[in-house]
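Text of model30.cif (mmCIF, C-alpha atoms) as supplied:
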```cif
data_final
loop_
_atom_site.label_atom_id
_atom_site.label_comp_id
_atom_site.auth_asym_id
_atom_site.auth_seq_id
_atom_site.Cartn_x
_atom_site.Cartn_y
_atom_site.Cartn_z
CA MET A 1 24.58 -1.83 18.83
CA VAL A 2 21.35 -1.58 16.98
CA SER A 3 18.36 -3.86 17.57
CA VAL A 4 15.85 -4.28 14.78
CA ILE A 5 12.32 -4.66 16.12
CA LYS A 6 9.57 -5.82 13.79
CA ILE A 7 6.08 -4.88 14.92
CA GLY A 8 3.67 -7.49 13.61
CA GLY A 9 0.64 -6.29 11.70
CA SER A 10 -1.67 -8.40 13.83
CA LEU A 11 -1.01 -6.06 16.78
CA ALA A 12 -3.04 -3.40 14.99
CA LYS A 13 -6.16 -5.39 15.88
CA ASP A 14 -6.04 -3.80 19.33
CA ARG A 15 -5.34 -0.09 19.18
CA SER A 16 -4.74 0.52 22.89
CA SER A 17 -2.23 -2.30 23.28
CA LEU A 18 -0.40 -1.17 20.12
CA VAL A 19 -0.20 2.36 21.52
CA ARG A 20 1.12 1.00 24.83
CA LEU A 21 3.73 -1.04 22.99
CA CYS A 22 4.83 2.02 20.98
CA GLN A 23 5.12 4.11 24.13
CA ARG A 24 7.37 1.46 25.65
CA LEU A 25 9.56 1.46 22.54
CA VAL A 26 9.94 5.23 22.82
CA PHE A 27 11.05 4.77 26.43
CA LEU A 28 13.45 1.94 25.54
CA SER A 29 14.95 3.94 22.68
CA LYS A 30 16.44 6.40 25.19
CA LYS A 31 19.02 3.78 26.16
CA ASN A 32 18.91 1.43 23.15
CA GLU A 33 19.39 2.00 19.49
CA ILE A 34 16.14 0.75 17.98
CA MET A 35 15.07 0.51 14.35
CA ILE A 36 11.46 -0.49 13.81
CA VAL A 37 10.44 -2.51 10.77
CA PRO A 38 6.67 -2.65 10.17
CA GLY A 39 4.75 -5.82 9.41
CA GLY A 40 2.09 -5.98 6.73
CA GLY A 41 -1.07 -6.80 8.68
CA ASN A 42 -4.43 -6.01 7.12
CA PHE A 43 -2.73 -4.07 4.35
CA ALA A 44 -0.93 -7.23 3.26
CA ASP A 45 -4.15 -9.21 3.72
CA THR A 46 -5.80 -7.02 1.09
CA VAL A 47 -2.91 -7.78 -1.25
CA ARG A 48 -3.26 -11.49 -0.53
CA TYR A 49 -6.97 -11.32 -1.32
CA PHE A 50 -6.23 -9.90 -4.78
CA TYR A 51 -3.36 -12.34 -5.22
CA ASP A 52 -5.88 -15.18 -4.87
CA GLU A 53 -8.74 -13.48 -6.68
CA PHE A 54 -6.72 -12.26 -9.69
CA ARG A 55 -4.13 -15.05 -9.66
CA LEU A 56 -1.44 -12.35 -9.57
CA SER A 57 2.19 -13.26 -10.18
CA GLU A 58 4.35 -13.72 -7.08
CA ASP A 59 6.60 -10.94 -8.34
CA ILE A 60 3.86 -8.34 -8.41
CA ALA A 61 2.22 -9.53 -5.17
CA HIS A 62 5.59 -9.37 -3.41
CA LYS A 63 6.01 -5.71 -4.38
CA MET A 64 2.44 -4.87 -3.39
CA ALA A 65 3.00 -6.55 -0.01
CA ILE A 66 6.16 -4.50 0.59
CA LEU A 67 4.10 -1.36 -0.05
CA ALA A 68 1.72 -2.72 2.60
CA MET A 69 4.67 -2.62 5.03
CA ASP A 70 5.23 1.04 4.09
CA GLN A 71 1.56 1.72 4.85
CA TYR A 72 1.76 0.09 8.28
CA GLY A 73 5.03 1.95 8.91
CA LEU A 74 3.23 5.23 8.26
CA LEU A 75 0.47 4.19 10.68
CA LEU A 76 3.14 3.50 13.32
CA LYS A 77 4.66 6.92 12.63
CA ASP A 78 1.27 8.46 13.36
CA ILE A 79 1.34 6.80 16.79
CA ILE A 80 5.04 7.55 17.48
CA GLY A 81 5.21 11.19 16.42
CA GLU A 82 8.85 11.56 17.50
CA ALA A 83 10.09 8.65 15.36
CA ARG A 84 12.05 9.35 12.22
CA LEU A 85 10.96 7.77 8.94
CA VAL A 86 13.81 6.07 7.15
CA TYR A 87 13.66 5.27 3.41
CA ASP A 88 17.33 4.61 2.72
CA LEU A 89 20.03 2.62 4.43
CA ASP A 90 22.27 5.68 4.39
CA ASP A 91 19.67 7.47 6.50
CA THR A 92 19.91 4.82 9.20
CA LEU A 93 23.49 5.83 9.95
CA GLN A 94 22.53 9.45 10.10
CA TYR A 95 19.66 8.81 12.50
CA LYS A 96 21.52 6.68 15.00
CA LYS A 97 20.45 7.35 18.57
CA ARG A 98 16.97 8.19 17.43
CA LEU A 99 13.96 5.90 17.26
CA SER A 100 13.48 5.14 13.57
CA ILE A 101 10.79 3.47 11.51
CA ILE A 102 12.07 1.92 8.31
CA LEU A 103 9.73 2.09 5.30
CA PRO A 104 11.25 -0.81 3.39
CA SER A 105 9.98 -0.36 -0.20
CA LYS A 106 12.84 1.77 -1.51
CA ILE A 107 15.50 -0.46 0.05
CA MET A 108 13.85 -3.71 -1.02
CA PHE A 109 12.99 -2.60 -4.56
CA SER A 110 16.55 -1.47 -5.20
CA LEU A 111 18.29 -4.51 -3.70
CA ASP A 112 15.68 -7.11 -4.64
CA SER A 113 17.65 -9.99 -3.20
CA LEU A 114 15.02 -12.18 -1.56
CA GLU A 115 12.83 -14.69 -3.33
CA HIS A 116 9.45 -13.32 -4.37
CA SER A 117 6.91 -15.55 -2.67
CA TRP A 118 4.57 -15.62 0.29
CA ASN A 119 7.19 -17.68 2.15
CA VAL A 120 9.06 -14.39 2.41
CA THR A 121 6.97 -12.05 4.54
CA SER A 122 7.90 -9.12 6.74
CA ASP A 123 9.65 -11.56 9.15
CA SER A 124 12.28 -12.42 6.55
CA ILE A 125 12.40 -8.87 5.24
CA SER A 126 13.14 -7.53 8.72
CA ALA A 127 15.86 -10.18 9.13
CA PHE A 128 17.36 -9.10 5.82
CA ILE A 129 17.31 -5.45 6.88
CA ALA A 130 18.76 -6.39 10.28
CA SER A 131 21.66 -8.09 8.50
CA LEU A 132 22.24 -5.02 6.30
CA LEU A 133 22.38 -2.91 9.47
CA LYS A 134 24.63 -5.47 11.18
CA ALA A 135 22.11 -5.51 14.00
CA GLU A 136 22.93 -7.39 17.17
CA LYS A 137 19.41 -8.64 17.70
CA LEU A 138 16.28 -9.11 15.66
CA ILE A 139 13.12 -8.97 17.74
CA LEU A 140 9.87 -10.08 16.14
CA ILE A 141 6.92 -8.74 18.09
CA LYS A 142 3.84 -10.89 17.62
CA ASP A 143 0.47 -11.43 19.26
CA VAL A 144 1.67 -14.74 20.76
CA ASP A 145 4.16 -15.47 23.55
CA GLY A 146 6.68 -17.22 21.31
CA ILE A 147 7.10 -20.43 19.33
CA PHE A 148 5.29 -23.46 20.75
CA THR A 149 5.76 -27.21 20.40
CA VAL A 150 2.25 -27.41 18.93
CA ASP A 151 -0.44 -24.83 18.24
CA PRO A 152 -1.45 -23.53 21.71
CA MET A 153 -4.87 -22.53 20.39
CA LYS A 154 -5.61 -26.15 19.51
CA ASN A 155 -3.71 -28.09 22.14
CA SER A 156 -3.62 -27.25 25.84
CA LYS A 157 -0.42 -29.26 26.26
CA ALA A 158 1.52 -26.91 24.00
CA LYS A 159 4.80 -25.76 25.52
CA ILE A 160 6.80 -22.69 24.59
CA PHE A 161 10.38 -23.06 23.39
CA LYS A 162 12.68 -20.87 25.44
CA ARG A 163 15.30 -21.59 22.83
CA ILE A 164 15.26 -23.34 19.49
CA SER A 165 17.76 -23.45 16.66
CA ALA A 166 16.88 -22.16 13.21
CA LYS A 167 18.14 -25.49 11.89
CA LYS A 168 15.58 -27.43 13.92
CA LEU A 169 12.80 -25.13 12.68
CA LEU A 170 13.94 -25.76 9.12
CA LYS A 171 14.51 -29.50 9.48
CA GLU A 172 11.23 -30.32 11.13
CA ASN A 173 9.36 -27.88 8.90
CA MET A 174 7.50 -26.76 12.01
CA LYS A 175 4.37 -24.71 11.55
CA SER A 176 4.73 -21.64 13.71
CA CYS A 177 4.03 -17.93 13.81
CA ILE A 178 7.15 -17.11 11.77
CA ASP A 179 7.42 -17.26 7.98
CA GLU A 180 8.96 -20.29 6.27
CA PHE A 181 11.98 -18.50 4.86
CA LEU A 182 13.13 -16.89 8.13
CA PRO A 183 15.23 -19.76 9.60
CA ARG A 184 17.25 -19.94 6.39
CA ILE A 185 18.13 -16.24 6.44
CA LEU A 186 18.96 -16.35 10.17
CA ILE A 187 21.49 -19.13 9.51
CA GLU A 188 22.90 -17.45 6.44
CA LYS A 189 23.34 -14.11 8.19
CA GLN A 190 24.18 -15.64 11.62
CA LEU A 191 21.53 -13.48 13.27
CA ILE A 192 19.95 -14.10 16.68
CA CYS A 193 16.22 -13.65 16.68
CA TYR A 194 13.64 -13.34 19.45
CA VAL A 195 9.91 -13.92 19.16
CA VAL A 196 8.17 -11.83 21.80
CA SER A 197 4.58 -10.92 22.64
CA GLY A 198 3.61 -7.32 21.96
CA LYS A 199 0.95 -7.54 24.64
CA HIS A 200 3.68 -7.68 27.30
CA PRO A 201 6.10 -4.90 26.30
CA GLU A 202 8.22 -5.43 29.44
CA ARG A 203 9.47 -8.66 27.84
CA ILE A 204 11.10 -6.61 25.08
CA GLU A 205 13.12 -4.84 27.74
CA SER A 206 14.15 -8.27 29.05
CA VAL A 207 15.41 -9.24 25.59
CA LEU A 208 17.36 -6.00 25.25
CA LYS A 209 18.91 -6.46 28.71
CA GLY A 210 19.66 -10.16 28.16
CA ARG A 211 17.32 -11.02 31.03
CA LYS A 212 15.27 -14.22 31.29
CA ASP A 213 11.58 -13.89 30.55
CA LEU A 214 8.79 -15.47 28.52
CA PHE A 215 9.79 -15.44 24.84
CA THR A 216 11.53 -17.68 22.29
CA GLU A 217 15.14 -17.24 21.24
CA ILE A 218 15.99 -18.60 17.79
CA THR A 219 19.69 -19.35 17.51
CA PRO A 220 21.43 -19.27 14.11
CA TYR A 221 23.95 -21.88 15.33
CA PRO A 222 23.17 -25.47 16.32
CA SER A 223 21.90 -25.68 19.89
CA ARG A 224 19.76 -27.94 21.97
CA ALA A 225 16.10 -26.93 22.10
CA LEU A 226 15.08 -25.68 25.53
CA LEU A 227 11.53 -25.84 26.83
CA MET B 1 -1.62 14.42 -27.41
CA VAL B 2 -1.71 12.34 -24.31
CA SER B 3 -4.91 11.23 -22.59
CA VAL B 4 -4.78 10.36 -18.92
CA ILE B 5 -7.12 7.51 -18.05
CA LYS B 6 -7.88 6.76 -14.43
CA ILE B 7 -9.11 3.24 -13.80
CA GLY B 8 -11.34 3.30 -10.74
CA GLY B 9 -10.60 0.83 -7.98
CA SER B 10 -14.23 -0.31 -7.89
CA LEU B 11 -13.71 -2.00 -11.27
CA ALA B 12 -11.53 -4.60 -9.54
CA LYS B 13 -14.71 -6.05 -8.08
CA ASP B 14 -15.25 -7.88 -11.37
CA ARG B 15 -12.06 -9.46 -12.67
CA SER B 16 -13.29 -10.42 -16.11
CA SER B 17 -14.69 -6.99 -16.96
CA LEU B 18 -11.47 -5.35 -15.68
CA VAL B 19 -9.43 -7.64 -17.91
CA ARG B 20 -11.67 -6.81 -20.87
CA LEU B 21 -11.26 -3.10 -20.16
CA CYS B 22 -7.47 -3.45 -19.99
CA GLN B 23 -7.39 -5.36 -23.28
CA ARG B 24 -9.34 -2.55 -24.92
CA LEU B 25 -6.88 0.01 -23.56
CA VAL B 26 -3.98 -1.98 -25.04
CA PHE B 27 -5.79 -1.89 -28.39
CA LEU B 28 -6.55 1.84 -28.12
CA SER B 29 -2.96 2.62 -27.16
CA LYS B 30 -1.79 1.61 -30.65
CA LYS B 31 -3.29 4.81 -32.02
CA ASN B 32 -3.57 6.95 -28.89
CA GLU B 33 -1.04 8.04 -26.33
CA ILE B 34 -2.48 6.74 -23.07
CA MET B 35 -1.20 7.10 -19.52
CA ILE B 36 -3.09 5.09 -16.93
CA VAL B 37 -3.44 6.37 -13.38
CA PRO B 38 -4.70 3.75 -10.90
CA GLY B 39 -7.49 4.35 -8.39
CA GLY B 40 -7.25 3.18 -4.80
CA GLY B 41 -10.09 0.68 -4.50
CA ASN B 42 -10.00 -1.89 -1.72
CA PHE B 43 -6.42 -0.92 -0.95
CA ALA B 44 -7.57 2.59 -0.08
CA ASP B 45 -10.58 1.17 1.78
CA THR B 46 -8.18 -0.63 4.14
CA VAL B 47 -6.42 2.69 4.74
CA ARG B 48 -9.76 4.37 5.40
CA TYR B 49 -10.66 1.68 7.92
CA PHE B 50 -7.50 2.39 9.91
CA TYR B 51 -8.01 6.13 9.49
CA ASP B 52 -11.33 5.76 11.31
CA GLU B 53 -10.22 3.11 13.78
CA PHE B 54 -6.94 4.77 14.82
CA ARG B 55 -8.06 8.38 14.24
CA LEU B 56 -5.02 8.83 11.99
CA SER B 57 -3.98 12.30 10.86
CA GLU B 58 -5.11 13.34 7.36
CA ASP B 59 -1.45 13.79 6.43
CA ILE B 60 -0.51 10.20 7.15
CA ALA B 61 -3.73 8.72 5.74
CA HIS B 62 -3.21 10.71 2.52
CA LYS B 63 0.24 9.17 2.05
CA MET B 64 -1.02 5.69 2.86
CA ALA B 65 -3.83 6.13 0.32
CA ILE B 66 -1.35 7.17 -2.39
CA LEU B 67 0.57 3.95 -1.69
CA ALA B 68 -2.77 2.17 -2.20
CA MET B 69 -2.81 3.67 -5.72
CA ASP B 70 0.68 2.23 -6.30
CA GLN B 71 -0.62 -1.16 -5.20
CA TYR B 72 -3.55 -1.04 -7.60
CA GLY B 73 -1.19 0.17 -10.33
CA LEU B 74 0.95 -2.93 -9.81
CA LEU B 75 -2.17 -5.09 -10.04
CA LEU B 76 -3.02 -3.41 -13.36
CA LYS B 77 0.54 -4.04 -14.57
CA ASP B 78 0.01 -7.73 -13.81
CA ILE B 79 -3.00 -7.69 -16.15
CA ILE B 80 -1.36 -5.52 -18.82
CA GLY B 81 2.03 -7.20 -19.11
CA GLU B 82 3.16 -4.96 -21.97
CA ALA B 83 2.54 -1.72 -20.07
CA ARG B 84 5.47 0.27 -18.75
CA LEU B 85 5.53 1.30 -15.09
CA VAL B 86 6.27 4.98 -14.63
CA TYR B 87 7.53 6.39 -11.33
CA ASP B 88 8.82 9.76 -12.49
CA LEU B 89 7.46 12.49 -14.71
CA ASP B 90 10.70 12.42 -16.69
CA ASP B 91 9.95 8.79 -17.55
CA THR B 92 6.64 9.75 -19.10
CA LEU B 93 8.41 11.68 -21.85
CA GLN B 94 10.73 8.77 -22.50
CA TYR B 95 7.89 6.27 -22.74
CA LYS B 96 5.70 8.23 -25.12
CA LYS B 97 3.94 6.01 -27.63
CA ARG B 98 3.82 3.19 -25.16
CA LEU B 99 0.98 2.29 -22.82
CA SER B 100 2.12 3.43 -19.38
CA ILE B 101 0.86 2.94 -15.85
CA ILE B 102 1.83 5.73 -13.50
CA LEU B 103 2.61 4.71 -9.90
CA PRO B 104 1.98 8.10 -8.33
CA SER B 105 3.70 7.89 -4.91
CA LYS B 106 7.10 9.21 -5.93
CA ILE B 107 5.63 12.09 -7.94
CA MET B 108 3.07 13.03 -5.29
CA PHE B 109 5.41 12.73 -2.30
CA SER B 110 7.99 14.96 -3.95
CA LEU B 111 5.58 17.63 -5.20
CA ASP B 112 3.08 17.43 -2.36
CA SER B 113 0.88 20.19 -3.72
CA LEU B 114 -2.65 18.98 -3.05
CA GLU B 115 -4.52 19.27 0.20
CA HIS B 116 -4.23 16.19 2.42
CA SER B 117 -7.79 15.08 2.99
CA TRP B 118 -10.29 12.50 1.85
CA ASN B 119 -11.81 15.17 -0.44
CA VAL B 120 -8.71 14.61 -2.55
CA THR B 121 -8.84 11.04 -3.84
CA SER B 122 -7.38 9.43 -6.93
CA ASP B 123 -9.82 11.49 -9.09
CA SER B 124 -8.11 14.73 -8.13
CA ILE B 125 -4.67 13.13 -8.13
CA SER B 126 -5.16 11.92 -11.70
CA ALA B 127 -6.34 15.42 -12.69
CA PHE B 128 -3.23 16.86 -11.11
CA ILE B 129 -1.00 14.41 -12.96
CA ALA B 130 -2.92 15.09 -16.20
CA SER B 131 -2.16 18.79 -15.79
CA LEU B 132 1.54 18.08 -15.18
CA LEU B 133 1.56 16.04 -18.40
CA LYS B 134 -0.39 18.75 -20.23
CA ALA B 135 -2.89 16.05 -21.19
CA GLU B 136 -5.62 16.88 -23.64
CA LYS B 137 -8.22 14.77 -21.89
CA LEU B 138 -8.74 13.25 -18.49
CA ILE B 139 -10.94 10.16 -18.57
CA LEU B 140 -12.22 8.80 -15.28
CA ILE B 141 -13.34 5.21 -15.69
CA LYS B 142 -15.95 4.26 -13.09
CA ASP B 143 -18.51 1.54 -12.52
CA VAL B 144 -21.35 3.94 -13.42
CA ASP B 145 -22.39 5.46 -16.76
CA GLY B 146 -21.56 9.03 -15.75
CA ILE B 147 -22.84 11.79 -13.47
CA PHE B 148 -26.57 11.75 -12.79
CA THR B 149 -29.09 14.39 -11.71
CA VAL B 150 -29.83 12.25 -8.63
CA ASP B 151 -28.55 8.90 -7.41
CA PRO B 152 -29.73 6.39 -10.05
CA MET B 153 -29.62 3.57 -7.49
CA LYS B 154 -32.19 5.35 -5.38
CA ASN B 155 -34.31 7.16 -7.93
CA SER B 156 -35.54 5.68 -11.20
CA LYS B 157 -36.08 9.17 -12.63
CA ALA B 158 -32.35 9.94 -12.48
CA LYS B 159 -30.99 11.34 -15.74
CA ILE B 160 -27.42 11.36 -16.91
CA PHE B 161 -25.69 14.65 -17.69
CA LYS B 162 -24.17 14.52 -21.17
CA ARG B 163 -22.34 17.70 -20.22
CA ILE B 164 -21.98 19.65 -17.01
CA SER B 165 -19.61 22.43 -16.00
CA ALA B 166 -17.19 21.98 -13.12
CA LYS B 167 -18.55 25.25 -11.76
CA LYS B 168 -22.07 23.85 -11.51
CA LEU B 169 -20.76 20.77 -9.72
CA LEU B 170 -18.96 23.02 -7.26
CA LYS B 171 -21.77 25.51 -6.79
CA GLU B 172 -24.51 23.02 -6.20
CA ASN B 173 -22.21 20.82 -4.12
CA MET B 174 -23.70 17.88 -5.99
CA LYS B 175 -23.14 14.43 -4.57
CA SER B 176 -21.76 12.31 -7.38
CA CYS B 177 -19.25 9.59 -8.12
CA ILE B 178 -16.35 12.08 -8.33
CA ASP B 179 -14.42 13.46 -5.39
CA GLU B 180 -15.24 16.87 -3.94
CA PHE B 181 -11.99 18.54 -4.89
CA LEU B 182 -11.99 17.53 -8.57
CA PRO B 183 -14.14 20.39 -10.02
CA ARG B 184 -11.81 22.93 -8.45
CA ILE B 185 -8.69 21.43 -9.98
CA LEU B 186 -10.38 21.06 -13.40
CA ILE B 187 -11.18 24.80 -13.38
CA GLU B 188 -7.74 25.78 -12.12
CA LYS B 189 -5.95 23.66 -14.71
CA GLN B 190 -8.55 24.20 -17.49
CA LEU B 191 -8.80 20.47 -18.04
CA ILE B 192 -11.64 18.65 -19.80
CA CYS B 193 -12.75 15.53 -17.99
CA TYR B 194 -14.97 12.62 -18.97
CA VAL B 195 -16.69 10.20 -16.63
CA VAL B 196 -17.15 6.90 -18.45
CA SER B 197 -18.28 3.39 -17.53
CA GLY B 198 -15.55 0.76 -17.49
CA LYS B 199 -18.14 -1.90 -18.21
CA HIS B 200 -18.56 -0.51 -21.73
CA PRO B 201 -15.01 0.00 -22.96
CA GLU B 202 -16.21 1.01 -26.44
CA ARG B 203 -17.37 4.30 -24.90
CA ILE B 204 -13.74 5.15 -24.09
CA GLU B 205 -12.97 4.88 -27.78
CA SER B 206 -15.86 7.28 -28.41
CA VAL B 207 -14.33 9.79 -26.00
CA LEU B 208 -10.92 9.51 -27.66
CA LYS B 209 -12.46 9.96 -31.12
CA GLY B 210 -14.70 12.84 -30.03
CA ARG B 211 -17.76 10.72 -30.90
CA LYS B 212 -21.13 10.96 -29.14
CA ASP B 213 -21.91 8.18 -26.70
CA LEU B 214 -23.16 7.57 -23.17
CA PHE B 215 -20.84 9.37 -20.73
CA THR B 216 -20.54 12.70 -18.93
CA GLU B 217 -18.27 15.51 -20.08
CA ILE B 218 -17.20 17.93 -17.36
CA THR B 219 -16.17 21.26 -18.83
CA PRO B 220 -13.69 23.50 -17.02
CA TYR B 221 -15.34 26.59 -18.58
CA PRO B 222 -18.89 27.80 -17.93
CA SER B 223 -21.39 25.94 -20.12
CA ARG B 224 -25.02 25.03 -20.04
CA ALA B 225 -25.73 21.62 -18.53
CA LEU B 226 -26.96 19.14 -21.12
CA LEU B 227 -29.13 16.15 -20.28
#
```
Is it possible to express this structure as structure tokens?
Amino acid sequence: MVSVIKIGGSLAKDRSSLVRLCQRLVFLSKKNEIMIVPGGGNFADTVRYFYDEFRLSEDIAHKMAILAMDQYGLLLKDIIGEARLVYDLDDTLQYKKRLSIILPSKIMFSLDSLEHSWNVTSDSISAFIASLLKAEKLILIKDVDGIFTVDPMKNSKAKIFKRISAKKLLKENMKSCIDEFLPRILIEKQLICYVVSGKHPERIESVLKGRKDLFTEITPYPSRALL
Amino acid sequence: MVSVIKIGGSLAKDRSSLVRLCQRLVFLSKKNEIMIVPGGGNFADTVRYFYDEFRLSEDIAHKMAILAMDQYGLLLKDIIGEARLVYDLDDTLQYKKRLSIILPSKIMFSLDSLEHSWNVTSDSISAFIASLLKAEKLILIKDVDGIFTVDPMKNSKAKIFKRISAKKLLKENMKSCIDEFLPRILIEKQLICYVVSGKHPERIESVLKGRKDLFTEITPYPSRALL
């Protein structure tokens, strides 16, 4: 079954670690069906700057930010020459068994089924695409180890959640590295999601193999949080 | 006949003057058929940053930069609510007599007939689109008054060309505010081009009416330069 892997835009801050991550995904794609969804990163930051500066409508900014994901997807394609660019959901069936990078604008503009706001970023968009593809797993690759009890940059006592339910994230309105809308879509689509560090690509292999490692699993069903 | 007007990305530096410019274009579109092509501006600058940082291929960077034009086009649509977004050349016929903003990615990705390099920016792309539309005039709106003999920021003796031939621009490899490829495409497509300041929108009206004013006319045929 397919796993959708979102590569966060923040990983583009460090070229060599992004390249290493991409190489690992190429390797993993030999035995796993992987569809990459790009984040927005600096491209989306530029959109956000104009959103603030020009007081753009959420509608327009949402579309511009999705084009930012296309831009980052093209950048990833430049790194992973052998990957196939996918514009349409029909293409994804055709390209099974081949590492694919989804450029989401065409799909998202035609379906247009998520709310248009900054609460819906590439996290939620990748979850939505994962649900369309009936993916088994959604893996969000970030520049942090997972979801923490409190901000680990500000509090040395922060602990990582090994497991946390989407409902708990929603209920406690926890500030974390994921976008606000994501827990809702995980519950609605009953999708399991993993938040994994892109600086340790071996952990992605652990997720794919169902092996224990350092990352956070977000369950779409009620479950006890696990530290 | 249609006039293609490219709004340079640099004009987004000053929101109020960009809004004023857009309002004037709405007014002018009542009596003139106007198709707007967006520049790339800061959106393209972000692409250029990653082009340098990641040593991206020209092919990929070219596509990313065209998506930057789409982004700026959406921003312009947010300012000009009544404008129609155009994705296809067929649409342009349908929307005649209505102010249109062309989002060029679909057209450019399907035709793919310009060289993929940073010598080809939104100046050349708007010229290419103007030729496809058989436009009478191509108007490039910039944040400068026109093309100068030398850089007016560095030399107080700089004089503006009222008229200059594309051939002279090519031959003397003059550094100016237009991209390097533009003169070639103007000659090939026999297209008249005007470089006009967006800070003085009344000059655009002068161009449309064939009235004298402060701007530079670039002729596709040989002609004596006029200061």
Under the rule of at most 7 Å, produce a per-residue listing of chain A near chain B: chain, number, name, the closest pair of atoms, and the distance in Å, as a Markdown table, using only C-alpha atoms.
```
| residue | atom | partner | partner_atom | distance |
| --- | --- | --- | --- | --- |
| A:Arg15 | CA | B:Phe54 | CA | 6.7 |
| A:Phe43 | CA | B:Thr46 | CA | 6.4 |
| A:Thr46 | CA | B:Phe43 | CA | 6.5 |
| A:Phe54 | CA | B:Arg15 | CA | 6.7 |
| A:Leu56 | CA | B:Asp78 | CA | 6.4 |
| A:Ser57 | CA | B:Asp78 | CA | 7.0 |
| A:Ile60 | CA | B:Leu74 | CA | 6.3 |
| A:Met64 | CA | B:Gln71 | CA | 5.1 |
| A:Leu67 | CA | B:Leu67 | CA | 6.6 |
| A:Gln71 | CA | B:Met64 | CA | 5.1 |
| A:Leu74 | CA | B:Ile60 | CA | 6.3 |
| A:Asp78 | CA | B:Leu56 | CA | 6.4 |
```
Find the residues near Arg98 of chain B: any atom within 12 Å, counting all atoms listed in the file, skip ones fewer than 5 places away on the same chain, and give them as a ChimeraX atom specification. /B:2,25-36,80,82-86,91-93
Write out, as a PDB file, in the coordinates of the input, the residues just selected, with C-alpha atoms.
```
ATOM      1  CA  VAL B   2      -1.710  12.340 -24.310  1.00  0.00           C
ATOM      2  CA  LEU B  25      -6.880   0.010 -23.560  1.00  0.00           C
ATOM      3  CA  VAL B  26      -3.980  -1.980 -25.040  1.00  0.00           C
ATOM      4  CA  PHE B  27      -5.790  -1.890 -28.390  1.00  0.00           C
ATOM      5  CA  LEU B  28      -6.550   1.840 -28.120  1.00  0.00           C
ATOM      6  CA  SER B  29      -2.960   2.620 -27.160  1.00  0.00           C
ATOM      7  CA  LYS B  30      -1.790   1.610 -30.650  1.00  0.00           C
ATOM      8  CA  LYS B  31      -3.290   4.810 -32.020  1.00  0.00           C
ATOM      9  CA  ASN B  32      -3.570   6.950 -28.890  1.00  0.00           C
ATOM     10  CA  GLU B  33      -1.040   8.040 -26.330  1.00  0.00           C
ATOM     11  CA  ILE B  34      -2.480   6.740 -23.070  1.00  0.00           C
ATOM     12  CA  MET B  35      -1.200   7.100 -19.520  1.00  0.00           C
ATOM     13  CA  ILE B  36      -3.090   5.090 -16.930  1.00  0.00           C
ATOM     14  CA  ILE B  80      -1.360  -5.520 -18.820  1.00  0.00           C
ATOM     15  CA  GLU B  82       3.160  -4.960 -21.970  1.00  0.00           C
ATOM     16  CA  ALA B  83       2.540  -1.720 -20.070  1.00  0.00           C
ATOM     17  CA  ARG B  84       5.470   0.270 -18.750  1.00  0.00           C
ATOM     18  CA  LEU B  85       5.530   1.300 -15.090  1.00  0.00           C
ATOM     19  CA  VAL B  86       6.270   4.980 -14.630  1.00  0.00           C
ATOM     20  CA  ASP B  91       9.950   8.790 -17.550  1.00  0.00           C
ATOM     21  CA  THR B  92       6.640   9.750 -19.100  1.00  0.00           C
ATOM     22  CA  LEU B  93       8.410  11.680 -21.850  1.00  0.00           C
TER      23      LEU B  93
END
```
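Run against this file, the PyMOL selection byres ((chain B and resi 140) around 9) gives back Val4, Ile5, Lys6, Ile7, Gly8, Asp123, Ser126, Leu138, Ile139, Ile141, Lys142, Ile178, Cys193, Tyr194, Val195, Val196, Ser197 and Gly198 of chain B.
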Pick the closest to Ser10 of chain A from A:Ser122, A:Ser113, A:Gln190, A:Gln23: which is it, counting all atoms listed in the file?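 Of the candidates, the smallest distance to Ser10 of chain A is held by A:Ser122.
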Write out as a PDB file with C-alpha atoms, keeping the file's coordinate frame the residues lying within 9 Å of Leu227 of chain A, counting only C-alpha atoms and excluding same-chain residues fewer than 2 positions away.
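File part.pdb, as written:
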```pdb
ATOM      1  CA  THR A 149       5.760 -27.210  20.400  1.00  0.00           C
ATOM      2  CA  LYS A 159       4.800 -25.760  25.520  1.00  0.00           C
ATOM      3  CA  ILE A 160       6.800 -22.690  24.590  1.00  0.00           C
ATOM      4  CA  PHE A 161      10.380 -23.060  23.390  1.00  0.00           C
ATOM      5  CA  LYS A 162      12.680 -20.870  25.440  1.00  0.00           C
ATOM      6  CA  ARG A 163      15.300 -21.590  22.830  1.00  0.00           C
ATOM      7  CA  ILE A 164      15.260 -23.340  19.490  1.00  0.00           C
ATOM      8  CA  ALA A 225      16.100 -26.930  22.100  1.00  0.00           C
TER       9      ALA A 225
END
```
Listed atoms of segment 29-37 of chain B boxed along x, y and z, 8 Å each side, centre and edge lengths in Å, one decimal, as AutoDock Vina command-line options:
```
--center_x -2.3 --center_y 4.8 --center_z -22.7 --size_x 18.5 --size_y 22.4 --size_z 34.6
```
What residues come out when you apply the PyMOL selection byres ((chain B and resi 135) around 9) to this file, written as a compact mmCIF listing (two decimals) with C-alpha atoms, keeping the file's coordinate frame?
```txt
# COMPACT_ATOMS: atom_id res chain seq x y z
CA MET B 1 -1.62 14.42 -27.41
CA VAL B 2 -1.71 12.34 -24.31
CA SER B 3 -4.91 11.23 -22.59
CA VAL B 4 -4.78 10.36 -18.92
CA ILE B 129 -1.00 14.41 -12.96
CA ALA B 130 -2.92 15.09 -16.20
CA SER B 131 -2.16 18.79 -15.79
CA LEU B 132 1.54 18.08 -15.18
CA LEU B 133 1.56 16.04 -18.40
CA LYS B 134 -0.39 18.75 -20.23
CA GLU B 136 -5.62 16.88 -23.64
CA LYS B 137 -8.22 14.77 -21.89
CA LEU B 138 -8.74 13.25 -18.49
CA LEU B 191 -8.80 20.47 -18.04
```
